[in-house]
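The structure under discussion appears below in the form of structure tokens.
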Amino acid sequence: MYTSEEVLRDAAATALLAPSIFNTQPWRWEVRDSALELRTDRSRQLAVTDPMGRMLTISCGLALHHALVALAAEGRRASVERLPDESDRGLLARITLAGVTEPADVRLRDAISRRHTDRRPFAETAVPDDVIDRLRTGAEARGVYLAELHADSLVRFQVTAARAGELDADDPAYQAELAEWTHRPADTRDGVTPATAVAPTPRKVPLRSFFPAGAEGLLPGPGHDGGARYLVLWTTDDTPADWLAAGEAMSAVLLETTASGLAASPMTDVVEVPASRALLHRLLDNLGNAQAALRIGVPATDEAAPPTPRRAAGDVIDTDR
Ligand SMILES: Cc1cc2nc3c(=O)[nH]c(=O)nc-3n(C[C@H](O)[C@H](O)[C@H](O)COP(=O)(O)O)c2cc1C
């Protein structure tokens, strides 16, 4: 018979597989008094790329959603308080168990270990509309909107992404931070590994380059992103609570994408670089606050994108015992 503490600890362990900005894994989990608490780990914040902690909080939102999916798939009803303590803003969520129920979200739970960021160009086959509908439903369940950048706005999105890439390329402090997180010693079990970086290749919309000089990286393969669709997650406000919700929504979108047999790569340089974010807001008709863009597509090859490392549960999850 599992104790509540064991159930909560297992959910936190599953959530370690969540994606995060530069694979910084900027979270801590604590199992205390039959509750599971999610905290930010500010020592892992990207000072140059993410000075406000938006991407850090979004990343923690992804971890929160992964933990909730793990509990739902075990048939555990969870009660969640988000940002429960105004005097302790590092405490992002407190999860308590509230009884048992029918297992739910099993497809999404099964997608957690199969999901990897795929930066290769996608196939010409179009992403079906019903998948986009399911992604939108998943995001809206967290109060987050999903806008699609259609053909008429794609040229302006291409300019927006290219501008972010140019400004980052000209910023030595950004380049130093990127180098730090793409050249990690193996024992840190974090960062973006060269095996997941894709060699430069012509594409419809440019992606942030993680490709280290002299590295082999991942071959781009036969795709040209012809069937890719470009989505933006946006919120009406722009507070830490919105960032957390955007992370939960992004997790719902990425896991549903994987469960549907498709692949994705987040594109957030367009949100991080203020000039690009302003362009993105104009693309959204200034309706709201862009939190992340995503490229979704049909993989152009059967070869799965490689996984990235994760820190050990014992280093990230505190338990009383
Ligand atoms: C908030 C956030 C922002 C991200 N931004 C980008 C990005 O701009 N470009 C990119 O290629 N990957 C981006 N990623 C993907 C991460 O680099 C990736 O999740 C991480 O390296 C772990 O790898 P995995 O997703 O394969 O598990 C982002 C992920 C998150 C959660």
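Order determines the names: the first chain of the structure tokens is A, the second B, and so forth; residues in each chain are numbered 1 upward, and ligands are numbered 1 upward as they are shown.
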Within 9 Å of ligand 1, counting only C-alpha atoms and all ligand atoms: which residues, as a PyMOL selection string? chain A and resi 17-25+54-62+113+115-119+190-193+196-197+207-210+247+250-251+264-272+291-294+305-310
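Contact shell of Trp29 (chain A) at 8 Å (only C-alpha atoms; same-chain neighbours under 2 positions omitted): A:Ala12, A:Trp27, A:Val31, A:Leu36, A:Glu37, A:Leu38, A:Arg39, A:Val316, A:Ile317, A:Asp318.
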Neighbour list for Pro220 (chain A) as JSON, numbers by chain, cut-off 10 Å, only C-alpha atoms, skip fewer than 3 positions in-chain: {"A": [119, 120, 121, 122, 197, 198, 199, 200, 201, 202, 217, 223, 224, 300, 301]}
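With only C-alpha atoms as the atoms that count, the residue of A:Ala241, A:Leu279, A:Ile296, A:Ala11 with the shortest distance to Glu86 (chain A) is A:Ala241.
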Neighbour list for region 147-160 of chain A as a PyMOL selection string, cut-off 12 Å, only C-alpha atoms, skip fewer than 4 positions in-chain: chain A and resi 129+132-133+135-137+139-140+164-167+203-208+226-235+267-285+287-296
For region 97-109 of chain A, list every protein, DNA or RNA residue within 8 Å, evaluated using only C-alpha atoms, and leave out those in the same chain fewer than 4 positions away; present the list as a ChimeraX atom specification. /A:4,34-35,66,69-70,72-79,255-256,259
Which parts of region 54-234 of chain A does DSSP call alpha helix (DSSP H) when run on the backbone here, written out as a PyMOL selection string? chain A and resi 54-73+106-112+129-140+151-169+172-182
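Distance annotation: of A:Ile112, A:Val7, A:Ala161, A:Thr182, the residue with the minimal separation from Ile95 (chain A) is A:Val7; atom set is only C-alpha atoms.
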